[in-house]
Amino acid sequence: MLIILTSIGLANAQKSNPKYTISPAKFTAEDAITITVDLTGTILATKGQIYIYAFNQAGPGLYNDFCADQSGAKMKDEGSNKWSYKLTLTNYFNSTPAKIGASFGFLFKASQASGCGQDANQTVDYSATIESLVFSPSVFRVFPNKFTQDDIVTFYLDKNLLDPSKTALKAATEIYVFTDIDYKKPDGSSGYFQISQYCEPLNTGDGNYYTGQTTVADNLALKAKDEGNGLFAWTIVPSKFFKIGDTSSPLFPPAGSKIVKIKVHFRTRLSPYCPFTVGDAGSLGDNFGIPFQ
Amino acid sequence: MKNLKTLFSAIAMMIAVTFMSCEKIKYADVGEAISLQENIKGTWKVSTATQIDNDAVNKNFPLAVQKLDLTSRFPYNTVVFAFNGETTGTYTITNAGGAPLFFPLTGTWSLDGTKNGPVRVKLVSGTQTAFLDFAKAYRASDNKLSLKFSRADSDGKVFLSYEFNFNRN
């Protein structure tokens with residue numbers, strides 16, 4: 001009786017509990033990470049090819065068949081009983097960071113060919129923390145992150161985050177934008193267009209702007225909306241605002257033009273860069289170009 | 001023997017009592033079925049329009065940078081969708097205020113995708129085709145409708161969407 005019991009005890013070997021590392025140590029669901037395990041001193045070190053098995057609330061991972069020796073789950077033999085695996089969680093679970101959540105589980109296993117689920121052929125379960133993707137507020141922001149020229153796009157200025165040297169802009173209660181685009185015409189040639197001219201009075205020698213438009217200072221279409229708490233927003237549909245395909249002027253981008261870059265420059269009503277400017281001198285916001293998707 | 005008889009009577013009484021105290025449980029009515037097909041026909045007026053940055057949603061960014069209310073920025077309250085016919089037919093969108101819309105204003109509508117995935121509304125106008133997804137499911141008697149227009153990248157991953165909530169007109 002005692003002998004039988006002892007035999008049973010020996011046959012049911014424990015799951016291994018080796019040490020592992022993840023590089024980088026802090027990672028988000030979108031980062032490429034490498035998991036390395038050191039099997040030294042464990043029974044798994046004698047078992048040949050090692051496989052990873054990962055699981056998460058988002059759903060099944062790419063290599064979800066525990067009993068199979070899936071080639072995509074094969075770990076790389078680094079020598080000295082060390083094995084590594086490279087993955088990106090959003091890719092492995094085919095899901096978003098929001099759905100994947102704050103942690104994921106995994107274990108390491110040997111071939112399951114001799115019988116699925118034997119303790120001697122796997123480690124215990126592990127769990128690792130996933131960092132959330134951090135939204136960093138910035139002085140300029142565009143919503144949404146990705147857009148086409150036919151979408152509604154909002155450009156934000158957060159006055160609170162302006163460099164302290166921009167005193168006039170920080171103090172301004174009315175914020176305007178100066179804006180222009182680089183675009184590609186249907187024939188492949190490049191174009192440049194601005195709705196309103198930068199300075200007042202009008203410089204009629206510059207052929208790049210739309211004749212007849214008022215300057216930035218008087219063009220209400222260029223006035224940003226005060227959202228409160230120092231946030232100003234300017235919203236347009238780029239293809240409509242920049243009059244693509246509008247035949248009422250030869251200066252407008254022709255139909256079929258694709259905007260390549262849009263520059264939005266937040267400023268006060270008046271600017272110190274223009275000679276003969278009347279009234280208080282403003283100061284300039286920074287330029288930022290938005291490469292189009 | 002006598003004890004056995006008593007035991008049997010006792011058990012019999014227990015069983016009888018058990019059966020007497022059984023009541024049929026009354027379940028509440030399941031109610032009106034949610035039927036997407038039935039729900040789309042008719043005339044609908046936009047109550048709210050929202051722009052959603054799906055990239056921000058996927059990254060679980062703060063709510064303030066996930067969505068933008070468009071109803072306060074453009075005259076979406078003047079937009080009316082009219083779907084004629086039962087399961088397919090012509091449609092017309094009136095847009096008195098000229099709010100940005102991303103699909104043809106008139107054409108034929110039908111329901112699409114019943115086999116392979118969620119049901120979508122297909123709008124066809126000449127060579128143009130657009131799809132609207134149901135953002136929420138309603139019963140016909142809710143007199144509400146919620147449709148979403150999405151933009152996806154070349155991998156089919158949605159990066160931006162517009163959600164329109166309607167009340168029956």
# chains A, B, ... in the order shown; residues from 1 in each chain; ligands from 1
>>> interface_residues(of="chain B", to="chain A", cutoff="7 Å", atoms="only C-alpha atoms", output="tab-separated table (two decimals) with N, CA and C atoms, in the first residue's frame")
chain	number	residue	atom	x	y	z
B	53	ASP	N	-13.02	59.56	-31.82
B	53	ASP	CA	-11.66	59.18	-32.21
B	53	ASP	C	-11.43	57.75	-31.73
B	58	ASN	N	-9.57	53.19	-28.20
B	58	ASN	CA	-8.81	51.94	-28.09
B	58	ASN	C	-7.69	52.02	-27.08
B	59	LYS	N	-7.16	53.24	-26.90
B	59	LYS	CA	-6.06	53.42	-25.97
B	59	LYS	C	-6.57	53.77	-24.57
B	60	ASN	N	-7.88	53.84	-24.44
B	60	ASN	CA	-8.49	54.14	-23.13
B	60	ASN	C	-8.06	55.50	-22.61
B	61	PHE	N	-7.93	56.47	-23.52
B	61	PHE	CA	-7.57	57.83	-23.15
B	61	PHE	C	-8.74	58.49	-22.43
B	159	PHE	N	-10.70	54.08	-37.55
B	159	PHE	CA	-9.96	55.08	-36.77
B	159	PHE	C	-10.81	56.27	-36.40
>>> select_by_dssp(residues="segment 100-274 of chain A", states="strand (DSSP E)", output="PyMOL selection string")
chain A and resi 103-109+126-129+140-143+153-158+176-184+190-194+225-228+231-236+258-267
>>> atom_distance(atom1="atom CA of Phe131 of chain B", atom2="atom CA of Phe149 of chain B")
6.8 Å
>>> atom_distance(atom1="atom CA of Phe232 of chain A", atom2="atom CA of Phe74 of chain B")
16.9 Å
>>> closest_residue(among="B:Thr78, B:Gln66, B:Ser125, B:Asn54", to="Leu160 of chain B", atoms="only C-alpha atoms")
B:Asn54
>>> select_by_dssp(residues="chain B", states="helix (DSSP H, G or I)", output="number ranges by chain")
B: 2-20, 36-40, 54-58, 63-65, 76-78, 140-142
>>> residues_around(residues="segment 125-129 of chain A", least_positions_apart="5", cutoff="12 Å", atoms="only C-alpha atoms", output="ChimeraX atom specification")
/A:15-29,33,35,37,52-56,89,100-109,119
>>> write_last_selection(atoms="C-alpha atoms", output="tab-separated table (two decimals), in the first residue's frame")
chain	number	residue	atom	x	y	z
A	15	LYS	CA	4.80	22.29	-12.22
A	16	SER	CA	8.05	24.19	-12.66
A	17	ASN	CA	8.43	27.67	-11.25
A	18	PRO	CA	11.39	29.24	-13.03
A	19	LYS	CA	12.32	32.91	-12.99
A	20	TYR	CA	11.40	35.06	-15.99
A	21	THR	CA	12.09	38.63	-17.09
A	22	ILE	CA	10.25	40.94	-19.46
A	23	SER	CA	12.11	43.56	-21.44
A	24	PRO	CA	11.38	46.42	-21.25
A	25	ALA	CA	10.27	46.04	-17.63
A	26	LYS	CA	7.53	48.65	-18.05
A	27	PHE	CA	5.53	48.23	-21.24
A	28	THR	CA	2.17	49.05	-22.77
A	29	ALA	CA	-0.03	46.76	-24.83
A	33	ILE	CA	8.37	43.01	-25.51
A	35	ILE	CA	9.92	37.49	-22.32
A	37	VAL	CA	12.76	32.46	-18.88
A	52	ILE	CA	4.82	30.03	-24.61
A	53	TYR	CA	1.12	30.13	-23.80
A	54	ALA	CA	-0.46	33.53	-23.06
A	55	PHE	CA	-4.01	34.37	-22.02
A	56	ASN	CA	-6.02	37.52	-21.41
A	89	LEU	CA	0.18	42.22	-26.91
A	100	ILE	CA	-6.57	43.93	-23.06
A	101	GLY	CA	-6.55	45.77	-19.77
A	102	ALA	CA	-3.99	46.04	-17.00
A	103	SER	CA	-2.46	42.58	-16.98
A	104	PHE	CA	-1.98	39.40	-18.97
A	105	GLY	CA	-1.26	35.82	-18.00
A	106	PHE	CA	1.23	33.37	-19.43
A	107	LEU	CA	3.11	30.16	-18.80
A	108	PHE	CA	5.88	28.17	-20.45
A	109	LYS	CA	5.40	24.57	-21.59
A	119	ASP	CA	2.43	19.10	-14.62
